[in-house]
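Undergrad: Sharing my_file_33.txt, compact mmCIF, C-alpha atoms:
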# COMPACT_ATOMS: atom_id res chain seq x y z
CA MET A 1 15.64 0.14 25.14
CA ALA A 2 14.69 1.22 21.66
CA ILE A 3 16.44 4.35 20.44
CA LEU A 4 14.15 7.06 19.14
CA LEU A 5 15.34 7.93 15.65
CA ALA A 6 12.61 10.24 14.47
CA LEU A 7 9.43 11.81 15.71
CA VAL A 8 6.91 13.33 13.38
CA THR A 9 3.49 14.67 14.29
CA ILE A 10 1.05 14.91 11.44
CA ALA A 11 -2.62 15.74 11.03
CA ALA A 12 -5.04 12.95 10.24
CA SER A 13 -5.53 14.34 6.76
CA ALA A 14 -1.84 13.96 5.90
CA GLY A 15 -2.27 10.55 4.34
CA GLU A 16 0.87 10.87 2.18
CA ASP A 17 3.34 10.68 5.05
CA PRO A 18 6.06 8.47 3.54
CA THR A 19 6.36 6.16 6.55
CA LEU A 20 2.62 5.53 6.68
CA SER A 21 2.44 5.14 2.91
CA SER A 22 5.19 2.52 3.04
CA ILE A 23 3.34 0.56 5.74
CA LYS A 24 0.09 0.66 3.78
CA ILE A 25 1.75 -0.46 0.53
CA LYS A 26 3.37 -3.43 2.26
CA CYS A 27 0.13 -4.36 4.03
CA GLN A 28 -1.77 -4.32 0.74
CA LYS A 29 0.37 -7.30 -0.31
CA PHE A 30 -1.05 -9.41 2.52
CA GLN A 31 -3.68 -11.73 1.12
CA THR A 32 -3.58 -13.74 4.35
CA LEU A 33 -1.95 -13.41 7.75
CA THR A 34 -1.74 -15.74 10.70
CA ALA A 35 -0.24 -15.03 14.11
CA ALA A 36 -0.24 -16.13 17.70
CA PHE A 37 -1.64 -13.42 19.96
CA SER A 38 -1.71 -12.59 23.64
CA GLN A 39 -4.25 -10.18 25.06
CA ALA A 40 -4.25 -8.18 28.29
CA LYS A 41 -7.08 -6.02 29.55
CA VAL A 42 -5.58 -3.61 32.06
CA LEU A 43 -8.15 -2.23 34.50
CA LEU A 44 -7.82 1.11 36.28
CA SER A 45 -6.81 -0.75 39.44
CA GLY A 46 -3.85 -2.17 37.53
CA LYS A 47 -5.30 -5.68 37.48
CA GLU A 48 -4.70 -7.53 34.21
CA ILE A 49 -7.09 -10.01 32.63
CA THR A 50 -5.09 -12.12 30.20
CA SER A 51 -6.06 -14.38 27.31
CA GLY A 52 -4.69 -15.53 23.97
CA GLY A 53 -4.92 -17.74 20.92
CA LYS A 54 -4.50 -17.62 17.15
CA LEU A 55 -5.32 -14.75 14.80
CA TYR A 56 -6.26 -15.14 11.14
CA PHE A 57 -6.82 -12.52 8.44
CA SER A 58 -7.90 -12.93 4.82
CA ALA A 59 -8.09 -9.82 2.65
CA PRO A 60 -10.02 -7.71 2.45
CA ASP A 61 -12.47 -8.17 5.32
CA ARG A 62 -12.24 -11.49 7.12
CA MET A 63 -10.58 -11.81 10.50
CA SER A 64 -10.84 -14.25 13.36
CA MET A 65 -9.40 -14.60 16.82
CA ILE A 66 -9.72 -18.16 18.06
CA TYR A 67 -8.92 -18.36 21.76
CA ASP A 68 -7.24 -21.25 23.51
CA ASN A 69 -7.24 -19.24 26.75
CA PRO A 70 -10.08 -19.29 27.55
CA GLU A 71 -10.68 -22.17 25.18
CA GLY A 72 -13.74 -21.81 22.98
CA ASP A 73 -14.03 -18.03 22.90
CA LEU A 74 -14.30 -16.55 19.40
CA PHE A 75 -14.15 -13.16 17.70
CA ILE A 76 -14.91 -13.25 13.97
CA ILE A 77 -15.32 -10.59 11.30
CA ASP A 78 -16.83 -11.99 8.11
CA GLY A 79 -17.63 -9.17 5.72
CA ALA A 80 -20.30 -7.03 7.38
CA ASN A 81 -20.99 -9.60 10.09
CA LEU A 82 -19.26 -9.63 13.47
CA TYR A 83 -19.60 -12.61 15.79
CA MET A 84 -18.44 -12.79 19.40
CA SER A 85 -18.70 -15.65 21.84
CA LYS A 86 -17.40 -15.53 25.38
CA GLY A 87 -18.23 -18.34 27.71
CA LYS A 88 -21.95 -19.08 27.35
CA SER A 89 -22.67 -15.68 25.78
CA ALA A 90 -22.71 -15.31 21.99
CA HIS A 91 -23.78 -12.44 19.73
CA LEU A 92 -23.96 -11.94 15.97
CA TYR A 93 -24.05 -8.35 14.71
CA ASP A 94 -24.80 -6.79 11.35
CA THR A 95 -22.24 -3.99 11.52
CA GLY A 96 -24.16 -2.01 8.93
CA LYS A 97 -26.95 -1.66 11.49
CA ASN A 98 -24.91 -1.41 14.70
CA ALA A 99 -22.70 1.69 14.80
CA LEU A 100 -20.56 0.60 17.76
CA MET A 101 -19.80 -2.83 16.29
CA GLY A 102 -19.30 -1.22 12.89
CA SER A 103 -16.69 1.08 14.38
CA LEU A 104 -14.93 -1.85 16.08
CA ARG A 105 -14.89 -3.81 12.82
CA ALA A 106 -13.49 -0.86 10.87
CA THR A 107 -10.85 -0.14 13.51
CA LEU A 108 -9.45 -3.67 13.55
CA LEU A 109 -9.44 -4.09 9.77
CA HIS A 110 -7.83 -0.68 9.23
CA CYS A 111 -5.10 -1.54 11.73
CA ILE A 112 -4.24 -4.88 10.12
CA ARG A 113 -4.37 -3.41 6.61
CA GLY A 114 -2.12 -0.50 7.59
CA GLU A 115 -4.81 2.08 6.79
CA VAL A 116 -3.75 4.45 9.53
CA ALA A 117 -4.67 7.74 7.85
CA GLU A 118 -8.13 6.42 6.99
CA LEU A 119 -8.70 5.26 10.57
CA ALA A 120 -7.66 8.64 11.97
CA ALA A 121 -9.82 10.55 9.50
CA GLU A 122 -12.90 8.46 10.30
CA ASN A 123 -12.41 9.13 14.02
CA ASP A 124 -11.42 12.82 13.88
CA ALA A 125 -8.02 12.01 15.33
CA ASP A 126 -4.40 13.10 15.04
CA ILE A 127 -1.46 10.82 14.27
CA LYS A 128 2.00 10.71 15.79
CA VAL A 129 4.62 8.56 14.05
CA GLU A 130 7.76 7.37 15.83
CA SER A 131 10.46 5.44 14.00
CA LEU A 132 12.13 3.19 16.55
CA ARG A 133 14.78 0.54 16.04
CA GLY A 134 12.99 -2.08 13.97
CA THR A 135 9.55 -0.70 14.75
CA VAL A 136 7.25 2.04 13.53
CA ARG A 137 4.96 3.20 16.33
CA VAL A 138 1.79 5.03 15.35
CA THR A 139 -0.31 6.79 18.00
CA ILE A 140 -3.82 7.86 17.00
CA THR A 141 -5.42 10.28 19.46
CA ALA A 142 -8.99 11.58 19.33
CA ARG A 143 -9.15 15.35 19.04
CA LYS A 144 -12.27 15.53 21.20
CA LYS A 145 -13.40 13.65 24.26
CA VAL A 146 -15.25 10.51 23.20
CA ALA A 147 -17.97 8.63 25.04
CA LYS A 148 -17.62 5.35 23.14
CA GLY A 149 -14.95 3.57 21.18
CA TYR A 150 -11.34 4.51 21.92
CA SER A 151 -9.67 7.72 23.04
CA SER A 152 -6.35 6.56 21.62
CA ILE A 153 -4.87 3.69 19.65
CA ILE A 154 -1.18 2.76 19.69
CA LEU A 155 0.08 0.52 16.89
CA ASP A 156 3.51 -1.06 16.48
CA TYR A 157 4.40 -2.25 12.98
CA ASP A 158 7.52 -4.21 12.12
CA ALA A 159 9.59 -1.72 10.14
CA SER A 160 10.62 -4.33 7.57
CA SER A 161 7.54 -6.49 7.05
CA ALA A 162 4.80 -4.06 8.21
CA THR A 163 3.15 -6.82 10.22
CA LEU A 164 1.24 -5.45 13.23
CA THR A 165 3.14 -6.69 16.28
CA ARG A 166 1.35 -4.75 19.02
CA MET A 167 -1.96 -2.93 19.32
CA GLU A 168 -3.13 -0.96 22.34
CA LEU A 169 -6.72 0.28 22.41
CA VAL A 170 -7.45 2.81 25.17
CA GLU A 171 -11.07 3.21 26.17
CA PRO A 172 -12.46 6.63 27.23
CA ASN A 173 -12.49 5.48 30.88
CA GLY A 174 -8.78 4.63 30.75
CA ILE A 175 -9.06 0.84 30.47
CA ARG A 176 -6.34 -0.47 28.14
CA ASN A 177 -6.67 -3.45 25.82
CA ILE A 178 -3.24 -4.68 24.68
CA TYR A 179 -2.69 -7.26 21.95
CA GLU A 180 0.74 -8.64 21.07
CA MET A 181 1.23 -10.72 17.91
CA SER A 182 4.08 -13.07 17.02
CA SER A 183 4.97 -16.14 14.91
CA PHE A 184 3.54 -14.66 11.73
CA GLY A 185 2.57 -16.54 8.61
CA VAL A 186 2.25 -14.30 5.54
CA ASN A 187 0.28 -15.31 2.43
CA THR A 188 -0.02 -18.90 3.55
CA SER A 189 -3.10 -21.05 3.04
CA VAL A 190 -5.89 -20.28 5.51
CA ASP A 191 -8.81 -22.68 5.80
CA ALA A 192 -12.19 -20.96 5.49
CA SER A 193 -13.39 -22.87 8.56
CA VAL A 194 -11.56 -20.39 10.83
CA TYR A 195 -14.24 -17.85 9.88
CA SER A 196 -17.14 -20.19 10.66
CA TYR A 197 -19.71 -19.33 13.31
CA PRO A 198 -23.33 -20.27 14.07
CA LYS A 199 -25.68 -18.52 11.63
CA LYS A 200 -28.98 -17.26 12.97
Rewrite the structure of this file - the entire thing - as structure tokens.
TA:
Amino acid sequence: MAILLALVTIAASAGEDPTLSSIKIKCQKFQTLTAAFSQAKVLLSGKEITSGGKLYFSAPDRMSMIYDNPEGDLFIIDGANLYMSKGKSAHLYDTGKNALMGSLRATLLHCIRGEVAELAAENDADIKVESLRGTVRVTITARKKVAKGYSSIILDYDASSATLTRMELVEPNGIRNIYEMSSFGVNTSVDASVYSYPKK
């Protein structure tokens, strides 16, 4: 069990917290990231829907999640565009015109880029920082009840590398979406094809 070394609660506006600043500075050095990921959607009944695949990120605003379970599913952020395909269903969004998808895009990119204070400020949320053995855990909690998006976000960053190893997104209804990343590649070559999707 990880030993709690420090616990600091700060307001969303306190962007100069040294721990958060250190994470952001390290993340700004990531031109590319690759990782294996597992995903679990935990329903209120306790049932888990699991999936997984490979994650890619190219600074500043390209990200893809290519699933091998279920094979063929895609989630791609390419600049302002967000593409999702699940089974036979596929959607392409202009996040500048779709507020919900725009918020999802911003949330994911902020998390990978270590922009915790910015994410909290945009969502009127507070931040709690816990320094654990080898991990910095950041909990972002909405100050007011929200109808859409996420009521809280829990992020685990590797204390040394600042890679995002775990992300938990809690919906207003209590459903939890948990992503765990491993086997990182940092600043390695990433083929542009991983961000390809059908253009409409």
Undergrad: Between CA of Leu44 in chain A and CA of Glu130 in chain A, what is the spacing in Å?
TA: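 These two atoms are separated by 26.5 Å.
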Undergrad: Nearest to Met101 in chain A: which of A:Gly46, A:Pro198, A:Gly149, A:Gly174 is it, counting all atoms listed in the file?
TA: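 Selected residue with least distance to Met101 in chain A: A:Gly149.
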Undergrad: Hey, can you check how far CA of Thr188 in chain A sits from CA of Asp158 in chain A?
TA: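 Answer for the CA of Thr188 in chain A to CA of Asp158 in chain A separation: 18.6 Å.
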Undergrad: A:Ile66, A:Val170, A:Ala147, A:Leu155: which is nearest Val116 in chain A, counting only C-alpha atoms?
TA: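 That would be A:Leu155, the residue with the smallest distance to Val116 in chain A.
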Undergrad: Which residues are near Leu109 in chain A? Cut-off 12 Å, only C-alpha atoms, ignore same chain within fewer than 6 positions. Put them as a VMD selection string.
TA: chain A and resid 27 to 28 56 to 64 76 to 80 82 102 to 103 115 to 116 118 to 119 164
Undergrad: What does the distance from CA of Met181 in chain A to CA of Leu74 in chain A come to in Å, to one decimal?
TA: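 The value is 16.7 Å.
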Undergrad: Around all the atoms of range 98-109 of chain A listed in the file, draw an axis-aligned box and extend it by 5 Å on each of the six sides; I want its centre and edge lengths in Å to one decimal, as lines of an AutoDock Vina configuration file.
TA:
center_x = -17.2
center_y = -1.2
center_z = 13.8
size_x = 25.5
size_y = 15.8
size_z = 18.0
Undergrad: Would you mind telling me which residue in A:Phe184, A:Arg143, A:Lys199, A:Cys111 lies nearest to Ala90 in chain A when using all atoms listed in the file?
TA: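 Among A:Phe184, A:Arg143, A:Lys199, A:Cys111, it is A:Lys199 that comes nearest to Ala90 in chain A.
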